[in-house]
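Student: Got a structure for you, questions after.
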Amino acid sequence: MAERLDGRSTLGNTSFPSSVGSSSGSEGYDHLQRVEGYDYEFVPPPDSKYECVICLLVLREPQQTKCGHRFCKVCIIKWLRESNKTCPVDNAKIVESDLFADNFAKREIQNFNVRCPNKSQGCEKIVMLNLIQKHIEDCPFGLIPCSNNCSDILLRRDLNHHLSSVCCYRQITCHSCSRRLTYNDLQKHEFDCPEIIVVCEKCDKQLLRKWKQHHENTECLKTVVNCMFQPLGCPQQMERQTMEEHMEKGLSDHMKMLCSEVVQISRCLGLPTGQNYNPTDNGSISDFQSLKKENNLRDSSLAEHGQEISQLNDKFREYERINRDLKQRVKYLESCIDERDGRSCNGIYYWKIKDYSKLRREAQLGNMPAIHSPPFYSSFYGYKLCVRVNLNGVDSAKGSFLSIFIHFLQGDFDDLLDWPFAGRIILSVIDQNSTADYRSHIVETLIAKPTLAAFQKPTTTRNHKGFGYMEFVPLHVLDKGQFLKNDTLIIKAHVIPNS
Amino acid sequence: MTNIAQARIKREFKEVVKSDEVAACNITLELVDDKYNELIGKIAGPPDTPYAEGTFCLEIRIPETYPFNPPIVKFLTKIWHPNISSVTGAICLDILKDQWAAAMTLRTVLLSLQALLAAAEPDDPQDAVVAQQYKENYSIFEKTAKHWTAVYAGGPKSCPELDSKITSLKNMGFDENQARAALSSKGWDIERATEYLIN
């Protein structure tokens, strides 16, 4: 049964742990954890046989001597080490090893009732000794320092109230500017909060502090200001409200100042002054007026140009839009024509690949490895397909063979047809020799295999699985023969479904 | 002072204050300040002794190592007793020295001193002159002790003859306390006392 060493904090719960824990330590018993007996008010007071005669408190870790006296463990060990090794009660010779723990007394004492040491603060609790430490830790009447370190010491139960409405370090909101600050800072803050209402000392007007400077600089009628002619030499200062009066009264003085200033400036600019100065005679005035006229004309012409430009801009934008629409329309019509071509070919489709050399180069560079033919139909309402060629081959055939594949496309009448496709497809590369007798087309016939994905009903616009020949014809054969004419390659696909 | 000493004195103080002896005015204990390391004890002279009806003040100093070492006690009230210095008030008592036990308290110390007043031990003296007088001429000792009790401890007036001897020495220009000490040491013989004082 482990014992809690709670004596330190029980020595005086009206004071603080810091003031309780001081120990001189000069005797070198620090390792013994200098804790004497239990300093609680026991209810009822225990028999004196449970008291340690050394510390006069209730036994903690009671030890018995062989002469039958009981002491706190710490007290008796300290006594034996410091004195002449006798029992403090009857002077019988004893040594430390004669001591033994009196666990019977210990158990009894643990079950004694004690009063909470915070009684003087109002706690009425009486609990068993072995529970008192737990109680003290949470006792609402325990004295604790403010958790904001504000130097206040208060009852634990009052802490929340203290933190929310008493502590000088509590967070509050300035009513004027909504800034969050500690209560302590509030007073200082009130002297510089920009949103607080202050009174202008001069005109008694109430206004927000942040406007005060502006008010003094521009509005306050009582603020003493310089005459606006001060830069020209008027020494007068007056309240703003009497400025107008001064201006009226001092009109002639101000005019004099103004006049002498103008004369001075004119001199600086090298303009003629004095009695000879006659503006009507002077050519520069008429020059100025004609320039002004010209300027006005230019201005209006510029405005007209600006208008024209914006009109043109509008028109340009409209044409652009029309152009875009037309392009879309053309594209649509082209696709319609392709579709029509594809339908009317009746299963025999010739695909002319123009600009062969350019496309071949693109394929070699990898920019466009494959090209697809426009769609065509096996009959008017038949299967829709397209041919794919890789002009530079594909996979293992890359760079050495022309690859040709058939892809099925989603057609308008797929639901009328039998799936998977069954039948034959004859693929040819056409020899374009001008003499028909010498023409020898390269022809391959493929038989549809119903198990392959390529022949299933397409679920996307184009079945991405195709079927055909990676090595249809070696590329060097194409280059040598008459298969290319006018840089054009012709591929023929003949689709023959099983009827 | 270490905490344990201070805490224990606090408890002892409470114990003495509410004890039967205090109730009977036999012993009292006062704090000098709130540090609990210095106290003033008072004991009543035991009845049927030369010290009867006197009150004797004691200076009690508590060492930091209390109760593992005894308190340091001496008489503040001058007293004529073989085991107590008539000059300094120092006490010769075994429990204040090597026979101290941690189980003793200020209360038991005060009661032991009271017992010492009732039963002197002239064979283990603190003041050799007093002890010798005690052993060789007890009636002079008793008279002297009574006189000291009357003068210093507020006991009953006893022997006008002794007072007049002191007065005559005082008239010769000697200090009263010195005169009393000299007369007491010299068995109240004015001539010997004068000689002693002059030397």
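Here's how to read the names in the structure tokens: chain A, B, ... by the order shown, residue numbers from 1 in each chain, ligand numbers from 1 in the order shown.
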Would you list the contacts of Thr144 in chain B as a compact mmCIF listing (two decimals) with N, CA and C atoms, in the first residue's frame, taking every protein, DNA or RNA residue within 10 Å and counting only C-alpha atoms, but skipping same-chain residues closer than 6 positions in sequence?

Tutor:
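And here is the file that came out, out.txt:
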```
# COMPACT_ATOMS: atom_id res chain seq x y z
N PRO B 50 12.14 28.12 49.47
CA PRO B 50 12.48 29.55 49.58
C PRO B 50 11.94 30.35 48.40
N ILE B 79 18.20 34.58 40.70
CA ILE B 79 17.75 33.55 41.64
C ILE B 79 18.98 32.99 42.39
N TRP B 80 18.77 32.63 43.63
CA TRP B 80 19.82 32.05 44.49
C TRP B 80 19.56 30.56 44.58
N HIS B 81 20.34 29.77 43.78
CA HIS B 81 20.05 28.34 43.68
C HIS B 81 21.34 27.64 43.26
N VAL B 130 26.96 29.23 45.87
CA VAL B 130 25.62 28.92 46.38
C VAL B 130 25.58 27.48 46.89
N GLN B 133 27.28 27.12 50.18
CA GLN B 133 26.43 27.68 51.24
C GLN B 133 25.30 26.73 51.57
N TYR B 138 22.69 25.79 55.66
CA TYR B 138 21.44 25.79 54.91
C TYR B 138 20.54 26.94 55.33
N ALA B 150 12.13 37.61 47.16
CA ALA B 150 11.33 38.79 47.49
C ALA B 150 11.74 39.97 46.60
N SER B 158 10.73 39.24 53.63
CA SER B 158 11.06 38.21 54.61
C SER B 158 11.84 38.75 55.81
N CYS B 159 12.99 39.30 55.55
CA CYS B 159 13.90 39.55 56.66
C CYS B 159 14.43 40.99 56.62
N LEU B 162 18.32 41.84 56.65
CA LEU B 162 19.12 41.77 55.44
C LEU B 162 19.00 43.07 54.65
N ARG B 180 24.13 43.26 47.27
CA ARG B 180 23.36 42.08 47.63
C ARG B 180 24.13 40.81 47.29
N ALA B 181 24.75 40.81 46.10
CA ALA B 181 25.50 39.63 45.69
C ALA B 181 26.68 39.38 46.62
N LEU B 183 27.05 40.43 49.77
CA LEU B 183 26.58 40.00 51.10
C LEU B 183 26.13 38.55 51.08
N SER B 184 25.41 38.17 50.01
CA SER B 184 24.90 36.80 49.91
C SER B 184 26.07 35.81 49.87
N SER B 185 27.12 36.16 49.09
CA SER B 185 28.26 35.25 48.97
C SER B 185 29.04 35.14 50.29
N GLY B 187 27.93 35.35 53.38
CA GLY B 187 27.15 34.98 54.57
C GLY B 187 26.63 36.19 55.33
N TRP B 188 26.36 37.28 54.57
CA TRP B 188 25.78 38.50 55.15
C TRP B 188 26.71 39.14 56.20
```

Student: Report as a Markdown table: every residue of chain B with an atom at most 6 Å from chain A, its closest pair of atoms, and their distance in Å to one decimal, counting only C-alpha atoms, with rows sorted by chain and ascending residue number.

Tutor:
```
| residue | atom | partner | partner_atom | distance |
| --- | --- | --- | --- | --- |
| B:Thr2 | CA | A:Ser23 | CA | 5.7 |
| B:Arg8 | CA | A:Cys55 | CA | 5.8 |
| B:Phe68 | CA | A:Trp79 | CA | 5.8 |
| B:Ala101 | CA | A:Pro88 | CA | 4.6 |
| B:Ala102 | CA | A:Pro88 | CA | 5.1 |
| B:Ala103 | CA | A:Val53 | CA | 4.9 |
```

Student: For those residues, write C-alpha atoms to a file as a PDB file, in the first residue's frame.

Tutor:
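Everything below was put into result-v9.pdb:
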```pdb
ATOM      1  CA  THR B   2      13.392  24.869   9.996  1.00  0.00           C
ATOM      2  CA  ARG B   8       6.242  21.923  16.630  1.00  0.00           C
ATOM      3  CA  PHE B  68      16.251  16.882  17.943  1.00  0.00           C
ATOM      4  CA  ALA B 101      14.827  13.474  24.425  1.00  0.00           C
ATOM      5  CA  ALA B 102      12.696  14.446  21.494  1.00  0.00           C
ATOM      6  CA  ALA B 103       9.621  13.371  23.380  1.00  0.00           C
TER       7      ALA B 103
END
```

Student: Using only C-alpha atoms, determine which residues lie at most 10 Å from Phe174 in chain B, disregarding the query and same-chain residues fewer than 5 positions distant; provide the list as a list in words.

Tutor: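 Residues meeting the cut-off are Ile166, Thr167, Ser168, Leu169, Ala179, Arg180, Thr194, Leu197 and Ile198 of chain B.
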
Student: With a distance cut-off of 6 Å and only C-alpha atoms, select the neighbouring residues of Pro82 in chain B, excluding the residue or stretch itself and same-chain residues fewer than 2 positions from it, and output the selection as a count of residues only.

Tutor: 6

Student: List as JSON, numbers by chain the protein and nucleic acid residues near Phe112 in chain A, meaning an atom at most 9 Å away when only C-alpha atoms are counted, but skip any in the same chain fewer than 3 places from it.

Tutor: {"A": [42, 43, 44, 46, 108, 109, 127, 128, 129, 130]}

Student: Find the spatial neighbours of Glu53 in chain B, counting only C-alpha atoms, within a cut-off of 8 Å - ignore same-chain residues fewer than 5 positions away - and output them as a PyMOL selection string.

Tutor: chain B and resi 44-47+154-156

Student: What would the file look like if the residues just selected were written as a CSV table (one decimal), in the first residue's frame with N, CA and C atoms?

Tutor:
```csv
chain,number,residue,atom,x,y,z
B,44,ALA,N,6.1,29.4,38.6
B,44,ALA,CA,5.9,29.8,40.0
B,44,ALA,C,6.8,29.1,40.9
B,45,GLY,N,7.3,29.8,41.9
B,45,GLY,CA,8.2,29.1,42.8
B,45,GLY,C,7.4,28.1,43.6
B,46,PRO,N,7.9,26.9,43.8
B,46,PRO,CA,7.1,25.8,44.4
B,46,PRO,C,6.8,26.2,45.9
B,47,PRO,N,5.6,25.8,46.4
B,47,PRO,CA,5.3,26.1,47.8
B,47,PRO,C,6.3,25.3,48.7
B,154,GLY,N,9.3,38.9,43.2
B,154,GLY,CA,8.0,39.4,43.7
B,154,GLY,C,7.5,38.5,44.9
B,155,GLY,N,8.4,37.9,45.6
B,155,GLY,CA,8.0,37.1,46.7
B,155,GLY,C,7.7,38.0,48.0
B,156,PRO,N,7.2,37.4,49.0
B,156,PRO,CA,6.9,38.1,50.2
B,156,PRO,C,8.1,38.7,50.9
```

Student: Please provide the set of residues having any atom within 9 Å of Ile126 in chain A, restricted to only C-alpha atoms, with same-chain residues fewer than 5 positions apart removed, written as a PyMOL selection string.

Tutor: chain A and resi 42-43+113-116+132

Student: Using only C-alpha atoms, which of the listed residues (B:Ala52, B:Ile43, B:Leu116, B:Ala5) sits closest to Glu142 in chain B?

Tutor: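 Counting only C-alpha atoms, the residue closest to Glu142 in chain B is B:Ala52.
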
Student: Which value, in Å to one decimal, gives the distance between CA of Met257 in chain A and CA of Gly233 in chain A?

Tutor: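 Computing it gives 7.0 Å between the two atoms.
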
Student: One number please: CA of Phe376 in chain A to CA of Arg343 in chain A, in Å, one decimal.

Tutor: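 Value for the CA of Phe376 in chain A-CA of Arg343 in chain A distance: 5.7 Å.
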
Student: Could you check how far CA of Arg60 in chain A sits from CA of Asp47 in chain A, in Å to one decimal?

Tutor: 14.7 Å
